[in-house]
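Trainee: protein02.txt is reproduced below (compact mmCIF, C-alpha atoms and all ligand atoms).
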```
# COMPACT_ATOMS: atom_id res chain seq x y z
CA MET A 183 19.77 77.78 54.22
CA CYS A 184 20.14 80.59 51.76
CA SER A 185 21.71 79.34 48.56
CA VAL A 186 20.58 81.86 45.98
CA VAL A 187 23.28 83.45 43.93
CA VAL A 188 22.73 87.09 43.03
CA ARG A 189 24.54 89.50 40.78
CA GLY A 190 26.05 92.70 42.09
CA LEU A 191 28.59 95.44 41.57
CA VAL A 192 31.65 95.88 43.78
CA VAL A 193 31.37 99.44 45.11
CA ARG A 194 33.97 99.45 47.86
CA ASN A 195 37.16 97.58 48.63
CA THR A 196 38.55 97.99 52.12
CA GLY A 197 41.31 95.46 51.71
CA SER A 198 39.67 92.76 53.72
CA TRP A 199 36.08 93.23 52.54
CA TYR A 200 34.35 94.00 49.29
CA ASP A 201 31.05 95.83 49.55
CA VAL A 202 28.72 94.70 46.82
CA ARG A 203 25.50 96.38 45.70
CA THR A 204 23.15 93.88 44.16
CA ASP A 205 21.01 94.64 41.13
CA GLU A 206 18.11 95.02 43.59
CA GLY A 207 20.02 97.68 45.52
CA GLN A 208 20.87 95.62 48.58
CA PHE A 209 24.37 95.86 50.09
CA PHE A 210 26.53 92.97 51.28
CA ALA A 211 29.99 92.85 52.86
CA CYS A 212 31.75 90.13 50.91
CA LYS A 213 34.78 87.91 51.00
CA VAL A 214 36.18 86.09 48.04
CA LYS A 215 35.37 82.41 48.10
CA GLY A 216 38.37 80.18 48.74
CA ASN A 217 41.50 81.08 46.86
CA PHE A 218 40.21 81.33 43.36
CA ARG A 219 42.47 83.33 41.18
CA LEU A 220 41.84 85.28 38.08
CA ARG A 221 43.23 83.73 34.96
CA GLY A 222 46.93 84.16 35.15
CA ILE A 223 46.90 87.49 36.96
CA ARG A 224 48.81 87.46 40.20
CA SER A 225 47.08 90.23 42.00
CA THR A 226 46.97 91.53 45.55
CA ASN A 227 43.25 92.03 44.96
CA PRO A 228 41.50 89.45 42.82
CA VAL A 229 38.40 91.62 42.84
CA ALA A 230 38.31 95.38 42.24
CA VAL A 231 35.79 98.17 42.52
CA GLY A 232 33.76 98.16 39.32
CA ASP A 233 33.73 94.38 39.02
CA PHE A 234 30.45 92.63 38.43
CA VAL A 235 30.27 89.54 40.60
CA GLU A 236 28.01 86.71 41.65
CA ILE A 237 27.55 86.53 45.39
CA LYS A 238 26.07 83.94 47.67
CA PRO A 239 24.71 85.36 50.93
CA THR A 240 26.07 83.61 54.00
CA GLU A 241 24.02 82.70 57.01
CA SER A 242 23.71 85.40 59.60
CA ALA A 243 25.59 83.36 62.23
CA SER A 244 28.84 83.74 60.33
CA SER A 245 28.54 87.51 60.06
CA SER A 246 28.84 87.96 63.80
CA SER A 247 32.25 86.29 63.68
CA SER A 248 33.62 89.13 61.57
CA PRO A 249 33.82 92.27 63.66
CA ASP A 250 34.45 94.78 60.84
CA ALA A 251 31.61 93.55 58.65
CA PHE A 252 29.50 93.43 61.76
CA ALA A 253 30.43 97.05 62.46
CA SER A 254 29.31 98.07 58.99
CA GLY A 255 25.99 96.44 59.77
CA LEU A 256 25.85 94.77 56.39
CA PRO A 257 24.81 91.18 55.82
CA THR A 258 27.71 89.09 54.57
CA ALA A 259 28.16 87.07 51.41
CA LEU A 260 30.76 85.19 49.44
CA ILE A 261 31.88 86.25 45.98
CA THR A 262 31.65 83.09 43.94
CA GLU A 263 32.33 84.43 40.47
CA ILE A 264 33.74 87.48 38.73
CA HIS A 265 32.30 88.44 35.39
CA ASP A 266 34.64 89.08 32.50
CA ARG A 267 35.99 92.61 32.60
CA ARG A 268 35.53 95.08 29.81
CA ASN A 269 38.81 96.67 30.87
CA TYR A 270 40.81 97.49 33.97
CA ILE A 271 43.70 99.59 35.20
CA ILE A 272 46.51 97.58 36.68
CA ARG A 273 49.91 98.41 38.10
CA ARG A 274 52.73 96.61 39.81
CA ALA A 275 51.83 96.28 43.48
CA SER A 276 55.16 97.65 44.68
CA ASN A 277 58.76 97.97 43.68
CA LEU A 278 60.28 94.60 42.72
CA SER A 279 56.96 92.91 43.32
CA LYS A 280 55.76 90.28 40.90
CA GLN A 281 52.25 90.93 42.04
CA SER A 282 49.88 93.38 40.48
CA HIS A 283 47.22 95.62 41.90
CA ILE A 284 44.03 96.20 39.96
CA ILE A 285 43.02 99.79 40.59
CA ALA A 286 39.52 99.50 39.13
CA ALA A 287 37.58 97.53 36.55
CA ASN A 288 34.99 98.27 33.88
CA VAL A 289 35.52 102.01 33.70
CA ASP A 290 34.54 104.35 30.88
CA GLN A 291 37.51 106.57 31.59
CA ALA A 292 40.31 107.18 34.04
CA CYS A 293 40.74 110.74 35.28
CA LEU A 294 44.34 111.14 36.27
CA ILE A 295 44.35 113.95 38.79
CA VAL A 296 47.66 115.80 38.68
CA THR A 297 49.18 118.96 40.11
CA ILE A 298 51.95 121.21 38.86
CA ALA A 299 52.88 122.00 42.45
CA HIS A 300 51.83 121.11 46.01
CA PRO A 301 52.66 118.32 45.34
CA GLU A 302 54.32 118.18 41.94
CA THR A 303 53.25 115.24 39.79
CA ASN A 304 56.18 114.28 37.59
CA THR A 305 55.66 113.72 33.90
CA THR A 306 57.15 110.23 34.02
CA PHE A 307 54.37 109.21 36.36
CA ILE A 308 51.79 110.74 34.01
CA ASP A 309 53.26 109.00 30.97
CA ARG A 310 53.48 105.63 32.69
CA PHE A 311 49.85 105.90 33.65
CA LEU A 312 48.89 106.92 30.11
CA ALA A 313 50.85 104.07 28.56
CA SER A 314 49.26 101.51 30.88
CA ALA A 315 45.80 102.84 30.23
CA GLU A 316 46.52 102.71 26.52
CA ALA A 317 47.58 99.08 26.84
CA TYR A 318 44.37 98.16 28.62
CA ARG A 319 42.22 100.37 26.36
CA VAL A 320 41.06 102.81 29.01
CA PRO A 321 40.58 106.41 27.82
CA VAL A 322 42.29 108.95 30.08
CA ALA A 323 41.42 112.54 30.88
CA LEU A 324 44.11 114.60 32.62
CA VAL A 325 42.72 116.81 35.36
CA PHE A 326 45.14 119.49 36.51
CA ASN A 327 43.92 120.50 39.94
CA LYS A 328 44.78 123.35 42.34
CA VAL A 329 45.04 126.03 39.65
CA ASP A 330 44.24 128.56 42.39
CA LEU A 331 47.69 127.94 43.89
CA TYR A 332 49.88 128.49 40.84
CA ASP A 333 52.09 131.52 40.23
CA ALA A 334 52.68 133.01 36.79
CA ASP A 335 55.54 130.63 35.93
CA GLN A 336 53.52 127.62 37.00
CA ILE A 337 50.55 128.77 34.92
CA ARG A 338 52.85 129.06 31.90
CA TYR A 339 54.11 125.54 32.53
CA LEU A 340 50.54 124.31 32.96
CA ASP A 341 49.56 125.78 29.60
CA ALA A 342 52.55 124.17 27.91
CA ILE A 343 51.97 120.73 29.41
CA MET A 344 48.26 120.82 28.57
CA ALA A 345 49.13 121.80 25.00
CA LEU A 346 51.50 118.82 24.80
CA TYR A 347 48.93 116.29 26.02
CA ARG A 348 46.09 117.77 23.98
CA LEU A 349 48.22 117.46 20.88
CA LEU A 350 48.61 113.77 21.70
CA GLY A 351 44.83 113.49 21.88
CA TYR A 352 44.24 113.45 25.62
CA ALA A 353 41.44 115.55 27.09
CA CYS A 354 42.81 118.04 29.64
CA PHE A 355 41.01 120.02 32.30
CA ALA A 356 42.41 122.78 34.51
CA VAL A 357 40.39 123.01 37.70
CA SER A 358 40.35 124.11 41.28
CA ALA A 359 38.43 122.01 43.75
CA TYR A 360 38.66 125.06 46.02
CA THR A 361 37.33 127.89 43.89
CA GLY A 362 35.31 125.75 41.50
CA GLU A 363 37.18 127.15 38.52
CA GLY A 364 36.96 124.87 35.48
CA MET A 365 34.60 122.45 37.22
CA ASP A 366 31.69 122.98 34.84
CA SER A 367 33.39 121.38 31.88
CA LEU A 368 34.68 118.55 34.08
CA VAL A 369 31.12 117.87 35.23
CA VAL A 370 30.03 117.59 31.61
CA GLU A 371 32.88 115.15 30.92
CA LEU A 372 31.86 112.97 33.88
CA GLN A 373 28.14 112.80 33.12
CA GLY A 374 26.87 109.32 32.37
CA LYS A 375 30.26 107.68 32.72
CA THR A 376 32.03 105.53 35.27
CA SER A 377 35.21 107.46 35.98
CA LEU A 378 38.19 106.36 38.00
CA PHE A 379 40.00 109.09 39.97
CA SER A 380 43.64 108.17 40.33
CA GLY A 381 46.89 110.01 41.01
CA ASN A 382 49.55 110.76 43.59
CA SER A 383 48.56 111.30 47.19
CA GLY A 384 47.55 114.87 48.01
CA VAL A 385 46.57 116.04 44.52
CA GLY A 386 42.97 116.48 45.64
CA LYS A 387 41.11 113.43 44.35
CA SER A 388 38.86 113.22 47.39
CA THR A 389 38.40 116.99 47.57
CA LEU A 390 37.21 116.97 43.96
CA LEU A 391 34.91 114.05 44.70
CA ASN A 392 33.40 115.89 47.68
CA ARG A 393 32.78 118.89 45.47
CA LEU A 394 31.12 116.76 42.79
CA VAL A 395 29.19 114.53 45.20
CA PRO A 396 28.67 116.62 48.35
CA GLU A 397 27.04 113.77 50.28
CA ALA A 398 30.16 111.61 49.79
CA GLN A 399 31.95 113.50 52.58
CA VAL A 400 35.11 111.46 52.33
CA LYS A 401 38.12 112.32 54.42
CA THR A 402 40.75 114.70 53.03
CA ALA A 403 43.91 115.98 54.68
CA GLU A 404 46.50 118.73 54.35
CA LEU A 405 49.84 117.97 52.80
CA SER A 406 52.64 117.22 55.22
CA THR A 407 54.37 120.51 55.96
CA ALA A 408 57.82 118.97 55.89
CA HIS A 409 57.62 117.42 52.42
CA ASP A 410 54.71 119.14 50.69
CA GLN A 411 53.38 115.65 49.93
CA GLY A 412 50.05 113.95 50.51
CA GLN A 413 49.60 111.77 53.56
CA HIS A 414 47.84 108.80 51.96
CA THR A 415 44.56 109.82 53.48
CA THR A 416 42.25 107.65 51.40
CA THR A 417 42.96 104.04 52.22
CA PHE A 418 40.36 102.19 50.21
CA SER A 419 38.62 102.47 46.86
CA GLU A 420 35.00 103.44 46.70
CA MET A 421 32.43 104.20 44.04
CA PHE A 422 30.00 107.13 44.38
CA ASP A 423 27.00 107.97 42.22
CA LEU A 424 26.91 111.37 40.56
CA ALA A 425 23.75 113.42 40.48
CA GLY A 426 22.10 112.67 37.15
CA SER A 427 23.99 109.65 35.95
CA GLY A 428 27.48 108.29 36.12
CA CYS A 429 29.79 107.54 39.00
CA ILE A 430 33.24 108.25 40.36
CA ILE A 431 35.65 105.79 41.91
CA ASP A 432 37.89 107.49 44.48
CA THR A 433 41.09 105.55 45.16
CA PRO A 434 44.12 105.72 47.46
CA GLY A 435 46.98 107.88 46.20
CA ILE A 436 49.81 106.03 44.53
CA ARG A 437 53.48 106.86 44.82
CA GLY A 438 54.92 105.23 41.73
CA PHE A 439 53.34 103.67 38.72
CA GLY A 440 55.15 100.42 38.11
CA THR A 441 53.92 99.03 34.85
CA TYR A 442 52.81 95.45 34.80
CA ASP A 443 53.29 92.81 32.18
CA PHE A 444 54.83 94.83 29.34
CA GLU A 445 57.23 93.38 26.82
CA PRO A 446 60.08 95.75 25.87
CA ASP A 447 59.10 95.88 22.21
CA GLU A 448 55.54 96.70 23.22
CA VAL A 449 56.39 99.83 25.18
CA SER A 450 56.60 102.07 22.11
CA HIS A 451 53.10 101.02 21.05
CA TYR A 452 51.64 102.84 24.01
CA PHE A 453 53.33 106.17 23.41
CA ARG A 454 51.13 107.46 20.62
CA GLU A 455 53.64 109.78 18.94
CA ILE A 456 56.56 107.37 19.32
CA PHE A 457 54.49 104.62 17.77
CA ARG A 458 53.43 106.86 14.89
CA VAL A 459 56.89 108.25 14.13
CA GLY A 460 58.55 104.86 14.78
CA ARG A 461 56.99 103.42 11.66
CA GLU A 462 59.52 105.47 9.69
CA CYS A 463 62.56 103.92 11.41
CA ARG A 464 65.01 102.06 9.18
CA PHE A 465 64.76 98.85 11.21
CA GLY A 466 61.48 97.20 12.07
CA ASN A 467 62.76 96.18 15.49
CA CYS A 468 64.20 99.62 16.30
CA THR A 469 64.23 100.36 20.05
CA HIS A 470 64.64 104.09 19.33
CA THR A 471 67.67 104.28 21.59
CA HIS A 472 70.76 104.17 19.36
CA GLU A 473 69.93 102.70 15.96
CA PRO A 474 70.98 104.38 12.72
CA GLY A 475 68.07 105.72 10.71
CA CYS A 476 65.87 106.03 13.82
CA ALA A 477 63.01 108.39 13.02
CA VAL A 478 62.15 108.81 16.71
CA LEU A 479 65.63 110.07 17.60
CA LYS A 480 65.45 112.45 14.66
CA ALA A 481 62.03 113.73 15.74
CA LEU A 482 63.40 114.18 19.24
CA ASP A 483 66.26 116.27 17.85
CA ASN A 484 63.80 118.36 15.90
CA HIS A 485 61.63 118.84 19.00
CA GLU A 486 58.73 117.08 17.32
CA ILE A 487 58.73 114.60 20.17
CA ALA A 488 58.88 116.09 23.68
CA GLU A 489 61.94 115.19 25.68
CA SER A 490 59.83 114.47 28.76
CA ARG A 491 57.85 111.88 26.81
CA TYR A 492 60.97 110.27 25.45
CA LEU A 493 62.51 110.08 28.94
CA SER A 494 59.35 108.37 30.19
CA TYR A 495 59.62 105.91 27.34
CA LEU A 496 63.22 105.16 28.31
CA SER A 497 62.24 104.72 31.95
CA MET A 498 59.72 102.08 30.95
CA LEU A 499 62.24 100.28 28.77
CA GLU A 500 64.60 100.32 31.73
CA ASP A 501 61.95 98.65 33.89
CA LYS A 502 61.91 95.78 31.53
CA ASN A 503 65.65 95.51 31.44
CA GLU A 504 66.10 95.75 35.17
CA ARG A 505 62.76 94.20 36.10
CA LYS A 506 62.07 96.95 38.50
CA TYR A 507 60.91 100.48 38.58
CA ARG A 508 62.15 103.41 40.55
CA GLU A 509 59.96 104.34 43.41
CA LYS A 510 59.92 108.01 42.47
CA TYR A 511 57.96 107.32 39.30
N1 LIG A 601 44.46 125.22 47.21
C1 LIG A 601 43.87 124.08 46.88
N2 LIG A 601 43.97 123.01 47.70
C2 LIG A 601 43.35 121.87 47.33
C3 LIG A 601 42.62 121.74 46.12
N3 LIG A 601 42.14 120.49 46.06
C4 LIG A 601 42.57 119.84 47.16
N4 LIG A 601 43.29 120.67 47.95
C5 LIG A 601 43.91 120.36 49.24
O1 LIG A 601 44.91 119.38 49.04
C6 LIG A 601 45.00 118.53 50.20
C7 LIG A 601 44.91 117.06 49.79
O2 LIG A 601 43.63 116.81 49.27
P1 LIG A 601 42.95 115.36 49.26
O3 LIG A 601 41.64 115.51 48.58
O4 LIG A 601 42.98 114.74 50.60
O5 LIG A 601 43.99 114.60 48.29
P2 LIG A 601 43.87 113.10 47.72
O6 LIG A 601 44.35 113.16 46.32
O7 LIG A 601 42.53 112.53 47.95
O8 LIG A 601 44.97 112.37 48.61
P3 LIG A 601 45.05 110.80 49.06
O9 LIG A 601 43.72 110.38 49.57
O10 LIG A 601 46.12 110.80 50.10
O11 LIG A 601 45.46 110.06 47.83
C8 LIG A 601 43.87 118.97 51.12
O12 LIG A 601 44.41 119.83 52.10
C9 LIG A 601 42.94 119.71 50.21
O13 LIG A 601 42.19 120.68 50.90
C10 LIG A 601 42.54 122.90 45.28
O14 LIG A 601 41.95 122.90 44.20
N5 LIG A 601 43.19 124.03 45.71
MG MG A 602 41.88 110.91 48.97
ZN ZN A 603 63.64 104.12 15.97
```
Starting from the coordinates I provided, produce the structure as C-alpha cells.

Mentor:
Amino acid sequence: MCSVVVRGLVVRNTGSWYDVRTDEGQFFACKVKGNFRLRGIRSTNPVAVGDFVEIKPTESASSSSSPDAFASGLPTALITEIHDRRNYIIRRASNLSKQSHIIAANVDQACLIVTIAHPETNTTFIDRFLASAEAYRVPVALVFNKVDLYDADQIRYLDAIMALYRLLGYACFAVSAYTGEGMDSLVVELQGKTSLFSGNSGVGKSTLLNRLVPEAQVKTAELSTAHDQGQHTTTFSEMFDLAGSGCIIDTPGIRGFGTYDFEPDEVSHYFREIFRVGRECRFGNCTHTHEPGCAVLKALDNHEIAESRYLSYLSMLEDKNERKYREKY
C-alpha cells in the first residue's frame, strides 16, 4: 500500500485528468479526491495548470480501470490538497453561468495574444481580460501576432492601439509567428517567467508556442474559411518549459471573456485611467455614466480617455446590471 503524499505541479489539464509533475520529476495522471471544493469558488475546474498540489499515488490496479490515463502510460494518483495560489486568472465559464473557469494559477504574467485581423480581436475582449487580470494582480503583456498579414491601414491601427495600451502601462509586442519578426524581444520578456498564453481561438497561441519551444509540437489549424475564425484547435491547457528558464502555458481559445465576481463599483478600479481620473469626480460614488461633475465623462469628451476603453467599461457595468455578458465579448 502506497500512502506517501508528494508535492507536484499541475502541468496539463485535459478536462478529466490533471497531469502532475512531482518535485522529483515523475509524472502522474491525477483525479481530484472526492468533491472537495476551493473556498467559495464555484469552478468547473477546481484545479488548474500552475497549481501546486499534494498527490497520493494510487495502486496500480486502479489505473487499468481508467482507459485514458492508461493510454497515457502514466501512473495514477489522487490530488489531496491544493496549495494556496499566489494569483490566478478566472473567467465566467459561459454566458449566464454562475460557475467560473480558472484559466491558470501562479503565473508571473499573462500574455494576451491578439490579432488586428484574421481573426480580429475586439478591444472589449482585450479590456475585459486586462481588468480581470488587474483584479487578480496578474501583469499582462499584449502580444499582437500575425503582423506579416496586415495591410497599411491595419499597421496604422496596430500602431495606434499599441500606443494606447503602452500609455496605460501595458507592455506590447508586435510579432509574427510566421516570419519571426519581433520574436527576439518577446523571448527576452518570457525568460525566467511562467507565462500564460491566452486569447481568442485562431490568434496563433499554439503557433507561437511551437516557435518558442520547437519540441512542443502542439496541434495548430487554419482558420475556418467561411468565418475567418479559429476552430478551437487546442482543447486542453498545458505547460511547456522554455529553453533556459521559464515556461509557457498554452490554453484553449476563448470566445468571450465573462468577468467573474465583480461588484459594479469595483469595475472602475480595474481600468487604470478611469480609476485615476475618477478621483476628480464630484461624487465619491460616481458611476461615470451620467453624473454632473464627472471627470471621466469630461476626459472622454476631451479624448483623454479612449472611447474604446470607456465602452468596455460600460459593457462590464452592464454585465453586473444584467448578470450576463454578451457572447461576442
Ligand atoms: N500569417 C500568419 N499566420 C499565423 C501566424 N501565427 C499563426 N498563424 C496561423 O493562424 C492559424 C491558427 O493558429 P493556432 O496556433 O492554431 O491558433 P490558436 O490561437 O492556438 O488557436 P486555438 O488553439 O483554437 O485557440 C494557423 O493556421 C496558423 O498557421 C502568423 O504570425 N502569421
Ligand atoms: Mg491552440
Ligand atoms: Zn465620474

Trainee: Kindly work out which residues sit at most 6 Å from ligand ZN 603 (chain A), using all atoms listed in the file, and give the list as a short mmCIF file (atom, residue, chain, number, x, y, z; two decimals) with C-alpha atoms, in the frame of the given file.

Mentor:
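Final file, selection30.cif:
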```
data_model
loop_
_atom_site.label_atom_id
_atom_site.label_comp_id
_atom_site.auth_asym_id
_atom_site.auth_seq_id
_atom_site.Cartn_x
_atom_site.Cartn_y
_atom_site.Cartn_z
CA GLY A 460 58.55 104.86 14.78
CA CYS A 463 62.56 103.92 11.41
CA CYS A 468 64.20 99.62 16.30
CA THR A 469 64.23 100.36 20.05
CA HIS A 470 64.64 104.09 19.33
CA CYS A 476 65.87 106.03 13.82
CA ALA A 477 63.01 108.39 13.02
CA VAL A 478 62.15 108.81 16.71
#
```

Trainee: In terms of the shortest atom-to-atom distance over all atoms listed in the file, which of A:Val186, A:Glu241, A:Ser276, A:Leu260 is closest to Ala211 of chain A?

Mentor: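 Looking only at the distances to Ala211 of chain A, the closest residue turns out to be A:Leu260.
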
Trainee: Please report as CSV every residue of segment 298-395 of chain A lying within 12 Å of segment 412-427 of chain A, along with the nearest atom pair and their distance in Å (one decimal), using all atoms listed in the file.

Mentor:
```
residue,atom,partner,partner_atom,distance
A:Ala299,CA,A:Gly412,CA,11.7
A:His300,CA,A:Gly412,CA,8.6
A:Pro301,CA,A:Gly412,CA,7.3
A:Glu302,CA,A:Gly412,CA,10.5
A:Thr303,CA,A:Gly412,CA,11.3
A:Val369,CA,A:Leu424,CA,9.4
A:Val370,CA,A:Gly426,CA,10.9
A:Glu371,CA,A:Ser427,CA,11.6
A:Leu372,CA,A:Leu424,CA,8.5
A:Gln373,CA,A:Ser427,CA,5.9
A:Gly374,CA,A:Ser427,CA,4.6
A:Lys375,CA,A:Ser427,CA,7.3
A:Thr376,CA,A:Met421,CA,8.9
A:Ser377,CA,A:Met421,CA,9.1
A:Leu378,CA,A:Met421,CA,8.6
A:Phe379,CA,A:Ser419,CA,9.7
A:Ser380,CA,A:Ser419,CA,10.0
A:Gly381,CA,A:Gly412,CA,10.8
A:Asn382,CA,A:Gly412,CA,7.6
A:Ser383,CA,A:Gly412,CA,4.5
A:Gly384,CA,A:Gly412,CA,3.7
A:Val385,CA,A:Gly412,CA,7.2
A:Gly386,CA,A:Gly412,CA,9.0
A:Lys387,CA,A:Thr416,CA,9.2
A:Ser388,CA,A:Thr416,CA,7.7
A:Thr389,CA,A:Thr416,CA,10.8
A:Leu391,CA,A:Phe422,CA,8.5
A:Asn392,CA,A:Phe422,CA,10.0
A:Arg393,CA,A:Leu424,CA,10.7
A:Leu394,CA,A:Leu424,CA,7.2
A:Val395,CA,A:Leu424,CA,6.1
```

Trainee: Emit the selected residues as a CSV table (one decimal), in the coordinates of the input, including C-alpha atoms.

Mentor:
```
chain,number,residue,atom,x,y,z
A,299,ALA,CA,52.9,122.0,42.4
A,300,HIS,CA,51.8,121.1,46.0
A,301,PRO,CA,52.7,118.3,45.3
A,302,GLU,CA,54.3,118.2,41.9
A,303,THR,CA,53.2,115.2,39.8
A,369,VAL,CA,31.1,117.9,35.2
A,370,VAL,CA,30.0,117.6,31.6
A,371,GLU,CA,32.9,115.2,30.9
A,372,LEU,CA,31.9,113.0,33.9
A,373,GLN,CA,28.1,112.8,33.1
A,374,GLY,CA,26.9,109.3,32.4
A,375,LYS,CA,30.3,107.7,32.7
A,376,THR,CA,32.0,105.5,35.3
A,377,SER,CA,35.2,107.5,36.0
A,378,LEU,CA,38.2,106.4,38.0
A,379,PHE,CA,40.0,109.1,40.0
A,380,SER,CA,43.6,108.2,40.3
A,381,GLY,CA,46.9,110.0,41.0
A,382,ASN,CA,49.6,110.8,43.6
A,383,SER,CA,48.6,111.3,47.2
A,384,GLY,CA,47.6,114.9,48.0
A,385,VAL,CA,46.6,116.0,44.5
A,386,GLY,CA,43.0,116.5,45.6
A,387,LYS,CA,41.1,113.4,44.4
A,388,SER,CA,38.9,113.2,47.4
A,389,THR,CA,38.4,117.0,47.6
A,391,LEU,CA,34.9,114.0,44.7
A,392,ASN,CA,33.4,115.9,47.7
A,393,ARG,CA,32.8,118.9,45.5
A,394,LEU,CA,31.1,116.8,42.8
A,395,VAL,CA,29.2,114.5,45.2
```

Trainee: For Asp201 of chain A, which of A:Gly351, A:Pro434, A:Pro396, A:Gly232 is the closest residue, counting only C-alpha atoms?

Mentor: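 Closest to Asp201 of chain A, using only C-alpha atoms: A:Gly232.
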
Trainee: Could you please determine the separation between atom CA of Ile298 of chain A and atom CA of Ile343 of chain A in Å, to one decimal place?

Mentor: 9.5 Å

Trainee: Do a neighbour search on Leu340 of chain A at 12 Å with all atoms listed in the file, toss out local chain neighbours closer than 6 positions, and write the hits as a ChimeraX atom specification.

Mentor: /A:296-299,302-303,305,324-329,331-334,346-348,354-357
